[in-house]
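> File query-v9.tsv below, TSV, C-alpha atoms and all ligand atoms:
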```
chain	number	residue	atom	x	y	z
A	1	MET	CA	79.27	-11.21	-64.56
A	2	GLY	CA	81.99	-8.59	-65.04
A	3	ASP	CA	85.35	-8.68	-63.31
A	4	ARG	CA	85.14	-7.94	-59.61
A	5	ILE	CA	86.93	-4.84	-58.42
A	6	PRO	CA	88.02	-5.97	-54.96
A	7	LEU	CA	86.97	-3.39	-52.38
A	8	ALA	CA	85.05	-2.94	-49.17
A	9	ILE	CA	83.10	-0.08	-47.72
A	10	ARG	CA	85.19	0.44	-44.61
A	11	GLY	CA	83.07	3.17	-43.06
A	12	MET	CA	80.12	5.46	-43.63
A	13	GLY	CA	78.85	8.78	-42.29
A	14	SER	CA	76.03	11.23	-42.91
A	15	ALA	CA	75.14	14.77	-41.95
A	16	LEU	CA	71.73	16.38	-41.84
A	17	PRO	CA	70.90	19.95	-40.95
A	18	ASP	CA	68.82	20.33	-37.76
A	19	ARG	CA	66.18	22.50	-39.38
A	20	VAL	CA	63.08	20.45	-40.21
A	21	MET	CA	60.55	21.79	-42.71
A	22	THR	CA	57.26	19.88	-42.77
A	23	ASN	CA	54.67	19.87	-45.55
A	24	ASP	CA	52.40	21.89	-43.28
A	25	ASP	CA	55.18	24.50	-42.96
A	26	PHE	CA	55.09	24.79	-46.78
A	27	ALA	CA	51.28	24.99	-46.78
A	28	ARG	CA	51.62	28.11	-44.60
A	29	ILE	CA	53.73	29.96	-47.22
A	30	LEU	CA	52.55	28.43	-50.53
A	31	ASP	CA	49.40	27.26	-52.28
A	32	THR	CA	50.01	23.57	-51.47
A	33	SER	CA	48.99	20.97	-48.92
A	34	ASP	CA	50.43	18.09	-46.93
A	35	GLU	CA	48.04	15.79	-48.80
A	36	TRP	CA	49.25	16.91	-52.28
A	37	ILE	CA	52.93	16.60	-51.40
A	38	ARG	CA	52.56	13.23	-49.63
A	39	THR	CA	50.46	11.58	-52.32
A	40	ARG	CA	52.53	12.92	-55.28
A	41	THR	CA	55.99	12.46	-53.79
A	42	GLY	CA	55.90	10.48	-50.53
A	43	ILE	CA	57.64	13.33	-48.69
A	44	ARG	CA	56.40	14.31	-45.22
A	45	GLU	CA	59.28	16.52	-44.16
A	46	ARG	CA	62.81	17.48	-45.19
A	47	ARG	CA	65.88	19.24	-43.76
A	48	PHE	CA	67.14	22.66	-44.81
A	49	ALA	CA	70.58	24.00	-44.01
A	50	ASN	CA	71.01	27.20	-42.07
A	51	ASP	CA	72.88	30.17	-43.54
A	52	ASP	CA	76.17	29.08	-41.97
A	53	GLU	CA	75.92	25.58	-43.49
A	54	ASP	CA	76.66	24.53	-47.08
A	55	SER	CA	77.66	21.49	-49.10
A	56	LEU	CA	81.20	21.78	-47.69
A	57	THR	CA	80.27	21.97	-43.99
A	58	LEU	CA	77.78	19.11	-44.37
A	59	ALA	CA	80.37	17.04	-46.26
A	60	THR	CA	83.02	17.76	-43.61
A	61	THR	CA	80.76	16.35	-40.89
A	62	ALA	CA	79.72	13.31	-42.96
A	63	ALA	CA	83.32	12.58	-44.02
A	64	THR	CA	84.68	12.96	-40.48
A	65	ARG	CA	82.10	10.43	-39.28
A	66	ALA	CA	82.92	8.03	-42.13
A	67	ILE	CA	86.67	8.22	-41.46
A	68	GLU	CA	86.10	7.57	-37.75
A	69	ASP	CA	83.69	4.74	-38.57
A	70	ALA	CA	86.42	3.14	-40.68
A	71	GLY	CA	88.87	3.39	-37.78
A	72	LEU	CA	91.09	5.67	-39.87
A	73	THR	CA	92.45	9.19	-39.65
A	74	PRO	CA	92.37	11.85	-42.40
A	75	ALA	CA	96.05	11.05	-43.06
A	76	ASP	CA	95.00	7.58	-44.26
A	77	ILE	CA	92.81	8.92	-47.10
A	78	ASP	CA	94.44	8.73	-50.54
A	79	LEU	CA	91.75	10.24	-52.77
A	80	ILE	CA	88.62	12.39	-52.50
A	81	VAL	CA	85.80	12.17	-55.04
A	82	PHE	CA	83.05	14.66	-54.24
A	83	ALA	CA	79.67	14.48	-55.95
A	84	THR	CA	77.64	17.67	-55.84
A	85	SER	CA	75.46	19.94	-57.95
A	86	THR	CA	75.65	22.65	-55.34
A	87	PRO	CA	79.38	23.24	-54.86
A	88	ALA	CA	80.31	25.71	-52.14
A	89	TYR	CA	81.86	27.92	-54.87
A	90	PRO	CA	81.78	27.74	-58.69
A	91	LEU	CA	85.58	27.51	-58.51
A	92	PRO	CA	87.57	25.70	-57.16
A	93	ALA	CA	86.30	22.20	-56.46
A	94	THR	CA	84.62	21.77	-53.09
A	95	ALA	CA	86.69	18.58	-52.74
A	96	CYS	CA	89.81	20.75	-52.30
A	97	PHE	CA	88.21	22.68	-49.45
A	98	LEU	CA	87.16	19.37	-47.93
A	99	GLN	CA	90.70	17.98	-48.18
A	100	HIS	CA	92.00	20.99	-46.25
A	101	ALA	CA	89.13	21.05	-43.73
A	102	LEU	CA	89.71	17.38	-42.88
A	103	GLY	CA	93.49	17.78	-42.65
A	104	CYS	CA	94.26	15.20	-45.35
A	105	ARG	CA	97.58	14.97	-47.16
A	106	HIS	CA	97.97	16.63	-50.59
A	107	ILE	CA	95.99	13.85	-52.25
A	108	PRO	CA	93.92	14.18	-55.44
A	109	ALA	CA	90.58	15.83	-54.72
A	110	PHE	CA	87.97	16.68	-57.33
A	111	ASP	CA	84.24	17.21	-57.84
A	112	ILE	CA	81.86	15.17	-59.96
A	113	SER	CA	78.86	16.91	-61.47
A	114	ALA	CA	76.34	14.19	-62.30
A	115	ALA	CA	73.41	15.50	-60.25
A	116	CYS	CA	71.39	12.80	-58.48
A	117	ALA	CA	73.45	10.06	-60.15
A	118	GLY	CA	76.56	11.77	-58.74
A	119	PHE	CA	77.26	9.45	-55.84
A	120	VAL	CA	77.12	6.37	-58.06
A	121	TYR	CA	79.44	8.04	-60.59
A	122	ALA	CA	81.80	9.04	-57.76
A	123	PHE	CA	81.71	5.57	-56.25
A	124	VAL	CA	82.59	3.88	-59.55
A	125	ILE	CA	85.38	6.38	-60.21
A	126	GLY	CA	86.72	5.95	-56.67
A	127	ALA	CA	86.57	2.17	-57.02
A	128	GLY	CA	88.30	2.30	-60.41
A	129	LEU	CA	91.14	4.44	-59.09
A	130	THR	CA	91.68	2.23	-56.05
A	131	HIS	CA	91.83	-0.69	-58.50
A	132	ILE	CA	94.60	0.76	-60.67
A	133	GLY	CA	96.69	1.10	-57.56
A	134	GLY	CA	98.27	3.80	-55.47
A	135	TYR	CA	95.02	4.79	-53.79
A	136	SER	CA	94.29	2.49	-50.92
A	137	HIS	CA	91.47	4.43	-49.27
A	138	ALA	CA	89.10	6.64	-51.24
A	139	LEU	CA	86.69	9.04	-49.58
A	140	VAL	CA	83.56	9.26	-51.72
A	141	VAL	CA	81.07	11.97	-50.79
A	142	GLY	CA	77.67	13.15	-51.96
A	143	SER	CA	76.72	16.48	-50.44
A	144	GLU	CA	74.13	19.06	-51.38
A	145	LYS	CA	72.59	22.31	-50.29
A	146	MET	CA	69.75	22.12	-52.80
A	147	SER	CA	67.93	24.87	-50.91
A	148	ALA	CA	70.60	27.27	-52.27
A	149	VAL	CA	69.28	26.75	-55.82
A	150	THR	CA	65.62	26.27	-54.93
A	151	ASP	CA	63.00	28.77	-56.02
A	152	PHE	CA	60.67	28.94	-53.04
A	153	GLN	CA	58.05	30.54	-55.29
A	154	ASP	CA	57.95	27.43	-57.52
A	155	ARG	CA	55.72	25.00	-55.65
A	156	ALA	CA	56.45	22.04	-57.95
A	157	THR	CA	60.18	21.98	-57.19
A	158	CYS	CA	60.61	23.56	-53.77
A	159	VAL	CA	58.60	20.88	-51.99
A	160	ILE	CA	60.84	18.05	-53.22
A	161	LEU	CA	64.42	19.37	-52.85
A	162	ALA	CA	66.39	19.17	-49.62
A	163	ASP	CA	69.83	19.31	-48.01
A	164	GLY	CA	72.17	16.65	-46.60
A	165	ALA	CA	75.41	14.73	-47.04
A	166	GLY	CA	76.62	11.14	-47.05
A	167	ALA	CA	80.13	9.70	-47.26
A	168	ALA	CA	81.73	6.30	-47.70
A	169	ILE	CA	85.30	5.09	-47.36
A	170	ILE	CA	86.28	2.61	-50.05
A	171	GLY	CA	89.18	0.45	-48.95
A	172	PRO	CA	90.78	-2.94	-49.43
A	173	PRO	CA	88.54	-5.96	-48.81
A	174	ASP	CA	89.28	-8.45	-46.06
A	175	ASN	CA	87.83	-11.42	-47.92
A	176	GLU	CA	87.73	-12.91	-51.43
A	177	LEU	CA	84.15	-11.89	-52.21
A	178	SER	CA	83.49	-8.26	-51.42
A	179	GLY	CA	83.80	-5.78	-54.23
A	180	LEU	CA	82.16	-3.89	-57.06
A	181	TYR	CA	80.85	-6.44	-59.55
A	182	GLU	CA	78.80	-4.48	-62.09
A	183	HIS	CA	78.04	-0.91	-62.90
A	184	MET	CA	76.18	1.04	-65.54
A	185	LEU	CA	76.86	4.74	-66.05
A	186	GLY	CA	75.17	6.78	-68.75
A	187	ALA	CA	73.87	10.14	-69.87
A	188	ASP	CA	71.48	11.52	-72.46
A	189	GLY	CA	72.38	15.14	-73.08
A	190	SER	CA	69.33	15.68	-75.29
A	191	GLY	CA	67.47	16.05	-71.99
A	192	ALA	CA	69.97	18.49	-70.49
A	193	GLU	CA	67.47	21.32	-70.33
A	194	LEU	CA	64.80	19.36	-68.46
A	195	ILE	CA	66.50	20.16	-65.14
A	196	ILE	CA	68.69	23.23	-65.30
A	197	VAL	CA	69.97	26.26	-63.41
A	198	PRO	CA	69.96	28.62	-66.41
A	199	ALA	CA	72.30	31.36	-65.16
A	200	GLY	CA	75.56	31.66	-63.25
A	201	GLY	CA	77.67	29.61	-65.66
A	202	SER	CA	79.80	30.84	-68.56
A	203	ALA	CA	76.81	30.67	-70.93
A	204	LYS	CA	74.92	33.22	-68.90
A	205	PRO	CA	77.06	34.87	-66.21
A	206	ALA	CA	75.34	36.44	-63.24
A	207	THR	CA	73.93	39.91	-63.81
A	208	ALA	CA	71.36	41.96	-61.94
A	209	LYS	CA	68.87	40.92	-64.65
A	210	THR	CA	69.50	37.16	-64.24
A	211	VAL	CA	69.01	37.54	-60.50
A	212	GLU	CA	65.83	39.54	-60.99
A	213	GLU	CA	64.53	36.87	-63.38
A	214	ARG	CA	65.22	34.14	-60.81
A	215	GLN	CA	67.47	32.32	-63.28
A	216	HIS	CA	69.87	31.12	-60.60
A	217	TYR	CA	67.28	28.70	-59.33
A	218	MET	CA	66.74	25.17	-60.57
A	219	LYS	CA	64.01	24.82	-63.20
A	220	MET	CA	62.52	21.40	-63.77
A	221	ARG	CA	60.04	20.05	-66.31
A	222	GLY	CA	58.67	17.66	-63.71
A	223	ARG	CA	56.34	15.53	-65.77
A	224	GLU	CA	58.94	14.79	-68.48
A	225	VAL	CA	61.56	14.04	-65.84
A	226	TYR	CA	59.11	11.72	-64.13
A	227	LYS	CA	58.59	9.69	-67.31
A	228	PHE	CA	62.34	9.38	-67.89
A	229	ALA	CA	62.98	8.52	-64.25
A	230	VAL	CA	60.38	5.77	-63.95
A	231	THR	CA	61.64	4.04	-67.10
A	232	LYS	CA	65.36	4.48	-66.47
A	233	MET	CA	65.27	3.43	-62.82
A	234	GLN	CA	63.55	0.16	-63.68
A	235	GLU	CA	65.81	-0.43	-66.67
A	236	ILE	CA	69.12	-0.02	-64.85
A	237	LEU	CA	68.07	-2.02	-61.80
A	238	ILE	CA	66.87	-4.94	-63.90
A	239	GLU	CA	69.73	-4.80	-66.42
A	240	THR	CA	72.48	-4.55	-63.78
A	241	THR	CA	71.05	-7.55	-61.93
A	242	ARG	CA	70.81	-9.49	-65.21
A	243	ARG	CA	74.37	-8.65	-66.28
A	244	ALA	CA	75.66	-9.94	-62.95
A	245	GLY	CA	73.86	-13.22	-63.54
A	246	LEU	CA	71.85	-12.73	-60.35
A	247	ARG	CA	68.16	-13.16	-59.68
A	248	VAL	CA	66.22	-10.39	-57.97
A	249	GLU	CA	65.88	-12.73	-54.94
A	250	ASP	CA	69.68	-12.72	-54.62
A	251	LEU	CA	69.71	-9.00	-53.86
A	252	ALA	CA	69.73	-8.29	-50.14
A	253	TYR	CA	68.95	-4.62	-50.57
A	254	VAL	CA	68.39	-2.00	-53.25
A	255	VAL	CA	69.30	1.61	-52.59
A	256	PRO	CA	67.64	3.88	-55.15
A	257	HIS	CA	67.97	7.62	-55.43
A	258	GLN	CA	65.21	9.19	-53.35
A	259	SER	CA	63.42	11.41	-55.85
A	260	ASN	CA	59.83	10.35	-55.57
A	261	LEU	CA	58.26	7.47	-53.64
A	262	ARG	CA	56.08	6.61	-56.64
A	263	ILE	CA	59.20	6.09	-58.79
A	264	ILE	CA	60.73	3.82	-56.11
A	265	GLU	CA	57.51	1.81	-55.68
A	266	SER	CA	57.10	1.41	-59.39
A	267	ALA	CA	60.68	0.11	-59.75
A	268	ALA	CA	60.18	-2.34	-56.88
A	269	GLN	CA	56.97	-3.59	-58.41
A	270	LYS	CA	58.47	-4.02	-61.87
A	271	MET	CA	61.41	-5.99	-60.40
A	272	GLY	CA	59.21	-8.10	-58.15
A	273	LEU	CA	61.16	-6.79	-55.15
A	274	PRO	CA	59.36	-6.52	-51.77
A	275	MET	CA	59.34	-2.98	-50.39
A	276	ASP	CA	61.24	-4.06	-47.26
A	277	LYS	CA	64.25	-4.74	-49.50
A	278	ILE	CA	64.35	-1.25	-50.99
A	279	ALA	CA	65.61	1.81	-49.15
A	280	VAL	CA	63.09	4.57	-48.50
A	281	ASN	CA	63.85	7.68	-46.49
A	282	ILE	CA	62.38	10.28	-48.82
A	283	ASP	CA	59.48	10.62	-46.38
A	284	ARG	CA	61.85	12.18	-43.82
A	285	TYR	CA	64.60	13.75	-45.93
A	286	GLY	CA	63.11	14.63	-49.34
A	287	ASN	CA	65.29	14.62	-52.45
A	288	THR	CA	68.87	15.44	-51.42
A	289	SER	CA	70.27	14.74	-54.91
A	290	ALA	CA	73.80	13.24	-54.72
A	291	ALA	CA	73.48	12.75	-50.96
A	292	SER	CA	70.40	10.56	-51.02
A	293	ILE	CA	72.02	7.22	-51.89
A	294	PRO	CA	74.89	7.32	-49.35
A	295	MET	CA	72.52	8.57	-46.63
A	296	ALA	CA	70.07	5.74	-47.36
A	297	LEU	CA	72.85	3.16	-47.54
A	298	GLU	CA	74.27	4.28	-44.22
A	299	GLU	CA	70.86	4.12	-42.62
A	300	ALA	CA	70.44	0.51	-43.81
A	301	TRP	CA	73.95	-0.33	-42.63
A	302	ARG	CA	73.32	1.09	-39.13
A	303	ALA	CA	69.92	-0.62	-38.90
A	304	GLY	CA	71.53	-3.98	-39.72
A	305	LYS	CA	69.52	-4.33	-42.94
A	306	VAL	CA	72.73	-5.07	-44.85
A	307	LYS	CA	75.66	-7.16	-43.64
A	308	ALA	CA	78.90	-8.69	-44.87
A	309	GLY	CA	78.38	-10.96	-47.86
A	310	ASP	CA	75.18	-9.22	-49.02
A	311	TRP	CA	74.52	-8.11	-52.59
A	312	VAL	CA	73.55	-4.43	-52.58
A	313	LEU	CA	72.47	-2.54	-55.67
A	314	MET	CA	72.60	1.27	-55.79
A	315	ALA	CA	70.93	3.24	-58.60
A	316	GLY	CA	70.40	6.89	-59.34
A	317	PHE	CA	69.30	9.22	-62.13
A	318	GLY	CA	69.08	12.94	-62.46
A	319	ALA	CA	69.82	16.15	-64.29
A	320	GLY	CA	71.90	15.77	-67.41
A	321	LEU	CA	70.07	13.51	-67.89
A	322	THR	CA	72.39	11.08	-66.08
A	323	TRP	CA	72.02	7.64	-64.59
A	324	GLY	CA	74.18	5.14	-62.81
A	325	SER	CA	74.04	1.84	-60.97
A	326	ALA	CA	76.60	-0.06	-58.94
A	327	LEU	CA	76.26	-3.62	-57.69
A	328	ILE	CA	78.46	-4.35	-54.72
A	329	ARG	CA	79.00	-7.28	-52.44
A	330	LEU	CA	79.63	-6.14	-48.89
B	1	LIG	C1	57.49	17.23	-59.38
B	1	LIG	C2	56.34	16.25	-59.40
B	1	LIG	C3	56.11	15.70	-58.01
B	1	LIG	C4	55.09	16.98	-59.82
B	1	LIG	O1	54.01	16.07	-59.88
B	1	LIG	P1	53.10	16.01	-61.19
B	1	LIG	O2	52.04	15.06	-60.90
B	1	LIG	O3	54.00	15.71	-62.37
B	1	LIG	O4	52.57	17.45	-61.23
B	1	LIG	P2	52.53	18.52	-62.43
B	1	LIG	O5	53.80	19.30	-62.44
B	1	LIG	O6	52.10	17.85	-63.69
B	1	LIG	O7	51.37	19.42	-61.93
B	1	LIG	C5	50.03	18.91	-61.72
B	1	LIG	C6	49.24	19.99	-61.04
B	1	LIG	O8	49.66	20.11	-59.68
B	1	LIG	C7	50.02	21.45	-59.40
B	1	LIG	N1	51.09	21.47	-58.45
B	1	LIG	C8	52.43	21.42	-58.67
B	1	LIG	N2	53.07	21.46	-57.51
B	1	LIG	C9	52.15	21.54	-56.54
B	1	LIG	C10	52.21	21.63	-55.14
B	1	LIG	N3	53.37	21.62	-54.46
B	1	LIG	N4	51.06	21.68	-54.43
B	1	LIG	C11	49.89	21.68	-55.07
B	1	LIG	N5	49.74	21.62	-56.42
B	1	LIG	C12	50.88	21.55	-57.12
B	1	LIG	C13	50.43	22.02	-60.75
B	1	LIG	O9	50.33	23.42	-60.75
B	1	LIG	C14	49.43	21.37	-61.66
B	1	LIG	O10	48.22	22.07	-61.57
B	1	LIG	P3	47.30	22.28	-62.87
B	1	LIG	O11	46.93	20.89	-63.31
B	1	LIG	O12	46.17	23.08	-62.31
B	1	LIG	O13	48.16	22.99	-63.84
B	1	LIG	C15	56.61	15.10	-60.40
B	1	LIG	O14	56.54	15.59	-61.71
B	1	LIG	C16	57.93	14.44	-60.19
B	1	LIG	O15	58.19	13.83	-59.17
B	1	LIG	N6	58.79	14.52	-61.21
B	1	LIG	C17	60.09	13.87	-61.19
B	1	LIG	C18	60.94	14.62	-60.24
B	1	LIG	C19	62.29	14.08	-60.15
B	1	LIG	O16	62.50	12.91	-60.06
B	1	LIG	N7	63.21	15.05	-60.17
B	1	LIG	C20	64.51	14.95	-59.79
B	1	LIG	C21	65.34	14.13	-60.63
B	1	LIG	S1	66.57	13.77	-59.57
```
Written as structure tokens, that's how I'd like the structure from this file.

Amino acid sequence: MGDRIPLAIRGMGSALPDRVMTNDDFARILDTSDEWIRTRTGIRERRFANDDEDSLTLATTAATRAIEDAGLTPADIDLIVFATSTPAYPLPATACFLQHALGCRHIPAFDISAACAGFVYAFVIGAGLTHIGGYSHALVVGSEKMSAVTDFQDRATCVILADGAGAAIIGPPDNELSGLYEHMLGADGSGAELIIVPAGGSAKPATAKTVEERQHYMKMRGREVYKFAVTKMQEILIETTRRAGLRVEDLAYVVPHQSNLRIIESAAQKMGLPMDKIAVNIDRYGNTSAASIPMALEEAWRAGKVKAGDWVLMAGFGAGLTWGSALIRL
């Protein structure tokens, strides 16, 4: 087992747009069906932000709730790490807008771009910075408006992506056990083009032609991503547990990125983990990228599925290709 980074999750919060889009709603505008979407992905419905909502407004709500949940005020936050692939603006970091919107002090605030592994990356970075000192309470956020980069003419991607936000406050532990015990972060850039928004960056700035060619929307080679995801999810869950010297039975709860129910089920089966010990909310919220893990963790926390002293393993993977896991003891 690696060295424990002493910490506790002092509070959590989420934000979901009100607008619900069911599979049948999609079947009315696209050549698809509730049956196809449910059996291939496990999704029944998802939330889409309205025009006046974005990754910043969703994050502001989630973060406000997390700060309140922790019994803190924005003035108590020492650091903001914001995971998103759909920043409110290309420049500057959405974290800076969030700092101002919350009324925090002039603390460090920056974005992490690690797609669906983003929250785990942000959590490990937040934990590491609290460990080196000077940052007592870190606000770690995953927030996405995936609908802003979704091509609603591409039936293979638009039915899986969704919007939402989740936030956690990392703070000092109040016992000798809670902390971050193991983590695995990685990336394989040879797969960088498997999930990509081709235009809008410095390689291909926005022009009328790029807009006309729909190049500002996310393109995904779904089948190849699926193969990577199934293998990598199992690998990091099993390897992180092994490195910590734990048995699968020791884990109270596993919180995987919600990309596809089949990927989650396959990981649970490979680990020998019963499905009631693995978080699933993709049926209701779809794939919210960096927001999916904190939203699922908060749900488990509120439902009493995880409690002080429990081992909880988070794991995500996504565009980049990136992956990350974090084993914590609550
Ligand atoms: C996206 C995903 C659900 C598609 O499922 P799939 O079984 O791989 O489907 P394919 O893309 O191979 O397409 C199979 C067929 O279904 C069709 N299809 C795709 N989307 C469809 C939809 N929404 N409704 C109906 N048919 C659809 C395709 O056109 C194709 O038809 P064809 O055989 O006539 O050409 C799946 O690839 C997946 O989950 N990939 C990983 C996604 C992921 O984890 N991404 C995010 C990383 S964070």
> Please identify the residues whose atoms come within 7 Å of ligand LIG 1 (chain B), using all atoms listed in the file, and report them as a list in words.
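Those residues are Asp31, Thr32, Ser33, Trp36, Ile37, Arg40, Thr41, Cys116, Arg155, Ala156, Thr157, Val159, Gly222, Arg223, Val225, Tyr226, Ala229, Ser259, Asn260, Ser289, Phe317, Gly318 and Ala319 of chain A.
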> Report, as lines of an AutoDock Vina configuration file, the axis-aligned box around all atoms of stretch 72-86 of chain A present in the file, extended by 3 Å on each side; give centre and edge lengths in Å to one decimal place.

```
center_x = 85.8
center_y = 14.2
center_z = -48.8
size_x = 26.6
size_y = 23.0
size_z = 24.3
```
> Residues at most 9 Å from stretch 192-194 of chain A, counting all atoms listed in the file, excluding those fewer than 6 positions away in the same chain, as a VMD selection string?
chain A and resid 219 to 222 224 to 225 319 to 322
> Taking 4 positions as the minimum chain separation for residues in the same chain, which residues sit within 10 Å of stretch 264-276 of chain A when counting all atoms listed in the file? Answer as a short mmCIF file (atom, residue, chain, number, x, y, z; two decimals) with C-alpha atoms, in the frame of the given file.

```cif
data_model
loop_
_atom_site.label_atom_id
_atom_site.label_comp_id
_atom_site.auth_asym_id
_atom_site.auth_seq_id
_atom_site.Cartn_x
_atom_site.Cartn_y
_atom_site.Cartn_z
CA GLY A 42 55.90 10.48 -50.53
CA ALA A 229 62.98 8.52 -64.25
CA VAL A 230 60.38 5.77 -63.95
CA THR A 231 61.64 4.04 -67.10
CA LYS A 232 65.36 4.48 -66.47
CA MET A 233 65.27 3.43 -62.82
CA GLN A 234 63.55 0.16 -63.68
CA GLU A 235 65.81 -0.43 -66.67
CA ILE A 236 69.12 -0.02 -64.85
CA LEU A 237 68.07 -2.02 -61.80
CA ILE A 238 66.87 -4.94 -63.90
CA THR A 241 71.05 -7.55 -61.93
CA ARG A 247 68.16 -13.16 -59.68
CA VAL A 248 66.22 -10.39 -57.97
CA GLU A 249 65.88 -12.73 -54.94
CA LEU A 251 69.71 -9.00 -53.86
CA ALA A 252 69.73 -8.29 -50.14
CA TYR A 253 68.95 -4.62 -50.57
CA VAL A 254 68.39 -2.00 -53.25
CA VAL A 255 69.30 1.61 -52.59
CA PRO A 256 67.64 3.88 -55.15
CA HIS A 257 67.97 7.62 -55.43
CA GLN A 258 65.21 9.19 -53.35
CA SER A 259 63.42 11.41 -55.85
CA ASN A 260 59.83 10.35 -55.57
CA VAL A 280 63.09 4.57 -48.50
CA ILE A 282 62.38 10.28 -48.82
CA LYS A 305 69.52 -4.33 -42.94
#
```
> Calculate how many Å separate atom CA of A:Glu45 from atom CA of A:Phe26, rounding to one decimal.
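Separation between atom CA of A:Glu45 and atom CA of A:Phe26: 9.6 Å.
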> Just want the 9 Å neighbourhood of stretch 180-191 of chain A, counted on only C-alpha atoms, with same-chain residues fewer than 4 positions away dropped. Output as a count of residues only.
35
> Out of A:Ala279, A:Ile293, A:Leu129, A:Ala167, which residue has the shortest atom-to-atom distance to A:Arg10 when counting all atoms listed in the file?
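Ranking A:Ala279, A:Ile293, A:Leu129, A:Ala167 by distance to A:Arg10, first place goes to A:Ala167.
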> Take atom CA of A:Arg46 and atom CA of A:Thr288 and report the distance between them in Å, one decimal.
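Interatomic distance here is 8.9 Å.
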> When you draw a straight line from atom CA of A:Ile67 to atom CA of A:Gly13, how long is it in Å?
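Distance reported for this atom pair: 7.9 Å.
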> Applying 6 Å and all atoms listed in the file, which residues near A:Ala62 remain after dropping the ones on its own chain fewer than 2 positions away? List them as a PyMOL selection string.
chain A and resi 13-15+59-60+64-65+166-167
> Could you check which of A:Asn175, A:Phe119, A:Leu139, A:Cys96 is closest to A:Met314, using only C-alpha atoms?
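Ranked by minimum distance to A:Met314, first place goes to A:Phe119.
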> Which one is closest to A:Ala101: A:Ser143, A:Ala70, A:Thr57, A:Arg214? Count all atoms listed in the file.
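Once distances to A:Ala101 are computed over all atoms listed in the file, the minimum belongs to A:Thr57.
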> May I ask which of the residues A:Pro74, A:Gly200, A:Arg302, A:Leu16 is the closest one to A:Leu91, counting all atoms listed in the file?
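Of all the options, A:Gly200 lies closest to A:Leu91.
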> Taking into account all atoms listed in the file, which residue in the set A:Met12, A:Val306, A:Ile29, A:Ala165 is nearest to A:Gln153?
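Using all atoms listed in the file, A:Gln153 sits closest to A:Ile29.
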> Which one is closest to A:His216: A:Leu56, A:Leu313, A:Ala291, A:Met146? Count all atoms listed in the file.
A:Met146
> Counting all atoms listed in the file, I want the residues whose atoms come within 12 Å of (61.2, 28.8, -49.1) in the file frame, returned as number ranges by chain.
A: 21-23, 25-30, 47-49, 146-155, 157-162, 217
> Got a moment to write stretch 291-317 of chain A out with C-alpha atoms, as a tab-separated table (two decimals), in the first residue's frame?

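File out38.tsv, as written:
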```tsv
chain	number	residue	atom	x	y	z
A	291	ALA	CA	-19.31	15.23	-13.71
A	292	SER	CA	-20.39	11.61	-13.63
A	293	ILE	CA	-18.13	10.34	-10.82
A	294	PRO	CA	-18.78	13.15	-8.28
A	295	MET	CA	-22.52	13.04	-9.03
A	296	ALA	CA	-22.59	9.25	-8.48
A	297	LEU	CA	-20.46	9.50	-5.34
A	298	GLU	CA	-22.72	12.16	-3.87
A	299	GLU	CA	-25.77	10.07	-4.63
A	300	ALA	CA	-24.24	7.10	-2.76
A	301	TRP	CA	-23.24	9.37	0.11
A	302	ARG	CA	-26.77	10.81	0.46
A	303	ALA	CA	-28.35	7.36	0.19
A	304	GLY	CA	-26.13	6.09	3.02
A	305	LYS	CA	-24.43	3.55	0.75
A	306	VAL	CA	-21.03	4.82	1.91
A	307	LYS	CA	-20.08	5.87	5.43
A	308	ALA	CA	-17.07	6.83	7.52
A	309	GLY	CA	-14.37	4.16	7.47
A	310	ASP	CA	-15.43	2.70	4.10
A	311	TRP	CA	-13.04	1.97	1.25
A	312	VAL	CA	-14.32	3.67	-1.91
A	313	LEU	CA	-12.71	3.28	-5.31
A	314	MET	CA	-13.35	5.81	-8.09
A	315	ALA	CA	-12.29	5.13	-11.68
A	316	GLY	CA	-12.72	6.92	-14.97
A	317	PHE	CA	-11.46	6.88	-18.55
```
